[in-house]
Amino acid sequence: MLNIILFGPPGSGKGTQSANIIEKYGLKHLSTGDLLREEISNETALGLDAKRYMDNGQLVPDAVVIGMIDSKLQQHPDAKGFIFDGFPRTTEQAVALDELLQGKGSRIAALISLEVPEEELKRRLLDRGQVSGRSDDNEEVINKRIIEYKNKTAAVADYYAAKGVHHPLKGNGSISETFQLIGNVMDAL
Ligand code: ADP
């Protein structure tokens with residue numbers, strides 16, 4: 001199995017690049033943001049609870065997202081690998097993911113981190129807000145999401161750096177330039 005984490009702050013291009021990666025490498029895409037938005041549109045209890053955090057720019061509790069990932073891993077026992085997008089977002093989530101993968105005799109091969117300056121992130125997220133209809137793409141919530149990222153999520157890169165699998169990349173080039181950089185890492189694995 002080949003398991004990759006696509007990592008970076010909100011607006012760094014994880015969703016866009018995940019689509020490119022699954023097309024080229026045939027991995028199963030698991031985005032906790034997408035899974036949570038699906039729960040919200042299905043009006044499940046989990047979705048209604050998660051929405052309160054998301055609309056406020058806060059992370060959803062670890063147990064909720066870990067449970068979602070656990071059940072998705074179980075639903076795809078024959079996947080040739082996974083691309084994790086927007087997960088793990090805390091060190092606790094990273095530890096839980098490693099345990100889940102260990103149970104399958106597997107591990108994270110690489111954390112690919114898209115590095116984008118903060119001004120560019122804000123610009124992209126405000127632009128996305130114009131077209132996405134996402135209730136968390138407004139200036140106040142964007143600022144809170146970036147703070148959550150710095151306080152809780154950035155440490156996940158250090159956690160995987162200590163395991164020797166952290167690959168930081170420049171994420172503010174064009175979509176195809178960034179995909180080229182990701183491809184260089186993927187092809188070397
Ligand atoms: P972005 O990368 O643009 O911030 P996402 O779609 O990945 O957007 O996430 C949107 C929101 O969903 C986050 O701000 C957070 O509230 C929630 N969320 C997504 N993934 C996680 C996670 N792994 N842990 C906690 N909350 C999450």
# chains A, B, ... in the order shown; residues from 1 in each chain; ligands from 1
$ select_by_dssp --residues "chain A" --states "strand (DSSP E)" --output "number ranges by chain"
A: 2-7, 28-31, 81-85, 110-115, 166-170
$ closest_atom_pairs --of "chain A" --to "ligand 1" --cutoff "9 Å" --atoms "only C-alpha atoms and all ligand atoms" --output "Markdown table"
| residue | atom | partner | partner_atom_place_in_ligand_line | distance |
| --- | --- | --- | --- | --- |
| A:Phe7 | CA | ligand 1 | 2 (O) | 8.9 |
| A:Gly8 | CA | ligand 1 | 2 (O) | 7.6 |
| A:Pro9 | CA | ligand 1 | 2 (O) | 6.3 |
| A:Pro10 | CA | ligand 1 | 4 (O) | 3.7 |
| A:Gly11 | CA | ligand 1 | 3 (O) | 5.0 |
| A:Ser12 | CA | ligand 1 | 2 (O) | 7.3 |
| A:Gly13 | CA | ligand 1 | 2 (O) | 7.9 |
| A:Lys14 | CA | ligand 1 | 2 (O) | 6.8 |
| A:Gly15 | CA | ligand 1 | 2 (O) | 7.5 |
| A:Ser31 | CA | ligand 1 | 7 (O) | 6.7 |
| A:Thr32 | CA | ligand 1 | 20 (N) | 4.3 |
| A:Gly33 | CA | ligand 1 | 6 (O) | 3.4 |
| A:Asp34 | CA | ligand 1 | 6 (O) | 5.8 |
| A:Leu35 | CA | ligand 1 | 19 (C) | 8.2 |
| A:Leu36 | CA | ligand 1 | 12 (O) | 6.5 |
| A:Arg37 | CA | ligand 1 | 12 (O) | 7.7 |
| A:Ala50 | CA | ligand 1 | 16 (O) | 7.3 |
| A:Lys51 | CA | ligand 1 | 16 (O) | 7.6 |
| A:Arg52 | CA | ligand 1 | 16 (O) | 8.5 |
| A:Tyr53 | CA | ligand 1 | 16 (O) | 5.5 |
| A:Met54 | CA | ligand 1 | 16 (O) | 3.6 |
| A:Asp55 | CA | ligand 1 | 16 (O) | 7.1 |
| A:Asn56 | CA | ligand 1 | 16 (O) | 7.6 |
| A:Gly57 | CA | ligand 1 | 14 (O) | 5.1 |
| A:Gln58 | CA | ligand 1 | 16 (O) | 4.8 |
| A:Leu59 | CA | ligand 1 | 26 (N) | 3.7 |
| A:Val60 | CA | ligand 1 | 26 (N) | 3.8 |
| A:Pro61 | CA | ligand 1 | 25 (C) | 5.9 |
| A:Asp62 | CA | ligand 1 | 24 (N) | 6.0 |
| A:Ala63 | CA | ligand 1 | 24 (N) | 9.0 |
| A:Val64 | CA | ligand 1 | 25 (C) | 8.0 |
| A:Val65 | CA | ligand 1 | 24 (N) | 5.7 |
| A:Ile66 | CA | ligand 1 | 23 (N) | 7.7 |
| A:Asp85 | CA | ligand 1 | 7 (O) | 6.8 |
| A:Gly86 | CA | ligand 1 | 7 (O) | 4.4 |
| A:Phe87 | CA | ligand 1 | 23 (N) | 4.0 |
| A:Pro88 | CA | ligand 1 | 23 (N) | 5.0 |
| A:Arg89 | CA | ligand 1 | 23 (N) | 4.6 |
| A:Thr90 | CA | ligand 1 | 24 (N) | 7.0 |
| A:Gln93 | CA | ligand 1 | 23 (N) | 7.3 |
| A:Leu125 | CA | ligand 1 | 3 (O) | 7.4 |
| A:Asp136 | CA | ligand 1 | 14 (O) | 7.3 |
| A:Asp137 | CA | ligand 1 | 3 (O) | 8.1 |
| A:Val141 | CA | ligand 1 | 14 (O) | 8.6 |
| A:Ile142 | CA | ligand 1 | 4 (O) | 8.2 |
| A:Lys144 | CA | ligand 1 | 14 (O) | 8.7 |
| A:Arg145 | CA | ligand 1 | 14 (O) | 5.7 |
| A:Ile146 | CA | ligand 1 | 4 (O) | 8.2 |
| A:Glu148 | CA | ligand 1 | 14 (O) | 8.3 |
| A:Tyr149 | CA | ligand 1 | 4 (O) | 8.5 |
| A:Thr153 | CA | ligand 1 | 24 (N) | 8.9 |
$ closest_residue --among "A:Lys72, A:Arg107, A:Arg128, A:Arg123" --to "Tyr160 in chain A" --atoms "only C-alpha atoms"
A:Arg107
$ closest_residue --among "A:Ile147, A:Leu114, A:Val165, A:Leu30" --to "Asp70 in chain A" --atoms "only C-alpha atoms"
A:Leu30
$ atom_distance --atom1 "CA of Asn184 in chain A" --atom2 "CA of Leu97 in chain A"
24.9 Å
$ closest_residue --among "A:Ile69, A:Glu38, A:Ser113, A:Thr178" --to "Glu99 in chain A" --atoms "only C-alpha atoms"
A:Ile69
$ select_by_dssp --residues "chain A" --states "alpha helix (DSSP H)" --output "PyMOL selection string"
chain A and resi 14-25+32-41+45-54+62-75+91-102+118-132+139-148+154-161+175-188
$ write_last_selection --atoms "C-alpha atoms" --output "short mmCIF file (atom, residue, chain, number, x, y, z; two decimals), in the first residue's frame"
data_model
loop_
_atom_site.label_atom_id
_atom_site.label_comp_id
_atom_site.auth_asym_id
_atom_site.auth_seq_id
_atom_site.Cartn_x
_atom_site.Cartn_y
_atom_site.Cartn_z
CA LYS A 14 -4.77 20.21 -1.23
CA GLY A 15 -8.15 19.49 -2.81
CA THR A 16 -7.05 20.55 -6.30
CA GLN A 17 -3.82 18.56 -6.16
CA SER A 18 -5.54 15.50 -4.66
CA ALA A 19 -7.71 15.31 -7.77
CA ASN A 20 -4.55 15.34 -9.94
CA ILE A 21 -2.85 12.69 -7.77
CA ILE A 22 -5.75 10.23 -7.79
CA GLU A 23 -6.05 10.55 -11.55
CA LYS A 24 -2.36 9.79 -12.12
CA TYR A 25 -1.62 7.31 -9.32
CA THR A 32 -12.22 14.84 6.01
CA GLY A 33 -13.53 18.26 4.89
CA ASP A 34 -15.49 16.62 2.04
CA LEU A 35 -16.72 13.82 4.34
CA LEU A 36 -17.91 16.37 6.90
CA ARG A 37 -19.67 18.48 4.25
CA GLU A 38 -21.39 15.29 3.03
CA GLU A 39 -22.64 14.62 6.57
CA ILE A 40 -23.91 18.21 6.74
CA SER A 41 -25.79 17.96 3.46
CA ALA A 45 -26.44 14.23 13.78
CA LEU A 46 -22.67 14.11 13.21
CA GLY A 47 -22.99 16.72 10.45
CA LEU A 48 -25.12 19.09 12.49
CA ASP A 49 -22.66 18.88 15.36
CA ALA A 50 -19.59 19.35 13.10
CA LYS A 51 -21.12 22.36 11.33
CA ARG A 52 -21.01 24.43 14.53
CA TYR A 53 -17.23 24.03 14.68
CA MET A 54 -16.63 24.46 10.95
CA ASP A 62 -10.54 14.44 17.07
CA ALA A 63 -12.78 11.49 17.96
CA VAL A 64 -15.29 12.48 15.26
CA VAL A 65 -12.82 12.67 12.37
CA ILE A 66 -10.79 9.66 13.54
CA GLY A 67 -14.01 7.61 13.61
CA MET A 68 -14.86 8.71 10.05
CA ILE A 69 -11.41 7.76 8.75
CA ASP A 70 -11.51 4.41 10.56
CA SER A 71 -14.78 3.48 8.90
CA LYS A 72 -13.57 4.62 5.44
CA LEU A 73 -10.40 2.51 5.78
CA GLN A 74 -12.57 -0.48 6.65
CA GLN A 75 -14.84 0.18 3.66
CA THR A 91 -0.85 15.23 16.56
CA GLU A 92 -3.54 13.08 18.25
CA GLN A 93 -5.06 12.39 14.84
CA ALA A 94 -1.62 11.51 13.46
CA VAL A 95 -1.00 8.99 16.25
CA ALA A 96 -4.44 7.45 15.66
CA LEU A 97 -3.85 7.24 11.90
CA ASP A 98 -0.50 5.51 12.40
CA GLU A 99 -2.21 2.95 14.65
CA LEU A 100 -5.00 2.33 12.13
CA LEU A 101 -2.47 1.81 9.33
CA GLN A 102 -0.27 -0.39 11.50
CA GLU A 118 -0.24 33.74 4.22
CA GLU A 119 -1.32 36.68 2.04
CA GLU A 120 -1.71 34.33 -0.94
CA LEU A 121 -3.77 31.89 1.19
CA LYS A 122 -6.17 34.62 2.24
CA ARG A 123 -6.54 35.86 -1.33
CA ARG A 124 -7.30 32.35 -2.62
CA LEU A 125 -9.81 31.60 0.15
CA LEU A 126 -11.66 34.89 -0.36
CA ASP A 127 -11.81 34.16 -4.11
CA ARG A 128 -13.11 30.66 -3.39
CA GLY A 129 -15.73 32.15 -1.09
CA GLN A 130 -17.16 34.07 -4.05
CA VAL A 131 -17.93 30.84 -5.93
CA SER A 132 -17.99 27.95 -3.44
CA GLU A 139 -12.68 36.84 6.11
CA GLU A 140 -13.40 36.40 9.82
CA VAL A 141 -13.64 32.60 9.65
CA ILE A 142 -10.62 32.35 7.32
CA ASN A 143 -8.49 34.18 9.90
CA LYS A 144 -9.65 31.78 12.61
CA ARG A 145 -8.89 28.75 10.43
CA ILE A 146 -5.35 30.02 9.82
CA ILE A 147 -4.87 30.49 13.61
CA GLU A 148 -6.15 26.93 14.26
CA ALA A 154 1.48 22.77 11.93
CA ALA A 155 2.92 20.35 14.54
CA VAL A 156 1.76 17.39 12.43
CA ALA A 157 4.55 18.19 9.92
CA ASP A 158 7.13 18.03 12.74
CA TYR A 159 5.68 14.70 13.88
CA TYR A 160 6.30 13.16 10.44
CA ALA A 161 9.60 15.03 9.97
CA ILE A 175 -1.40 24.24 -10.48
CA SER A 176 0.69 22.34 -13.02
CA GLU A 177 4.03 23.51 -11.58
CA THR A 178 2.94 22.35 -8.12
CA PHE A 179 1.73 19.03 -9.50
CA GLN A 180 5.11 18.54 -11.15
CA LEU A 181 6.84 19.01 -7.76
CA ILE A 182 4.43 16.54 -6.14
CA GLY A 183 5.04 14.06 -8.96
CA ASN A 184 8.80 14.23 -8.35
CA VAL A 185 8.23 13.14 -4.74
CA MET A 186 5.65 10.47 -5.64
CA ASP A 187 7.79 8.95 -8.40
CA ALA A 188 10.74 8.60 -6.03
#
$ atom_distance --atom1 "CA of Ile108 in chain A" --atom2 "CA of Asp78 in chain A"
16.7 Å
$ closest_residue --among "A:Ala109, A:His29, A:Met1, A:Asn42" --to "Gly164 in chain A" --atoms "only C-alpha atoms"
A:Ala109
$ atom_distance --atom1 "CA of Glu43 in chain A" --atom2 "CA of Ala79 in chain A"
28.4 Å
$ residues_around --residues "Ile5 in chain A" --least-positions-apart "3" --cutoff "6 Å" --atoms "only C-alpha atoms" --output "mmCIF file with N, CA and C atoms, in the first residue's frame"
data_model
loop_
_atom_site.group_PDB
_atom_site.id
_atom_site.type_symbol
_atom_site.label_atom_id
_atom_site.label_comp_id
_atom_site.auth_asym_id
_atom_site.auth_seq_id
_atom_site.Cartn_x
_atom_site.Cartn_y
_atom_site.Cartn_z
ATOM 1 N N ILE A 83 -4.798 8.687 -0.291
ATOM 2 C CA ILE A 83 -4.278 10.029 -0.171
ATOM 3 C C ILE A 83 -5.146 10.756 0.862
ATOM 4 N N PHE A 84 -4.534 11.098 1.964
ATOM 5 C CA PHE A 84 -5.241 11.768 3.053
ATOM 6 C C PHE A 84 -5.127 13.273 2.847
ATOM 7 N N LEU A 111 4.583 12.656 3.852
ATOM 8 C CA LEU A 111 3.723 13.809 4.081
ATOM 9 C C LEU A 111 4.238 14.891 3.142
#
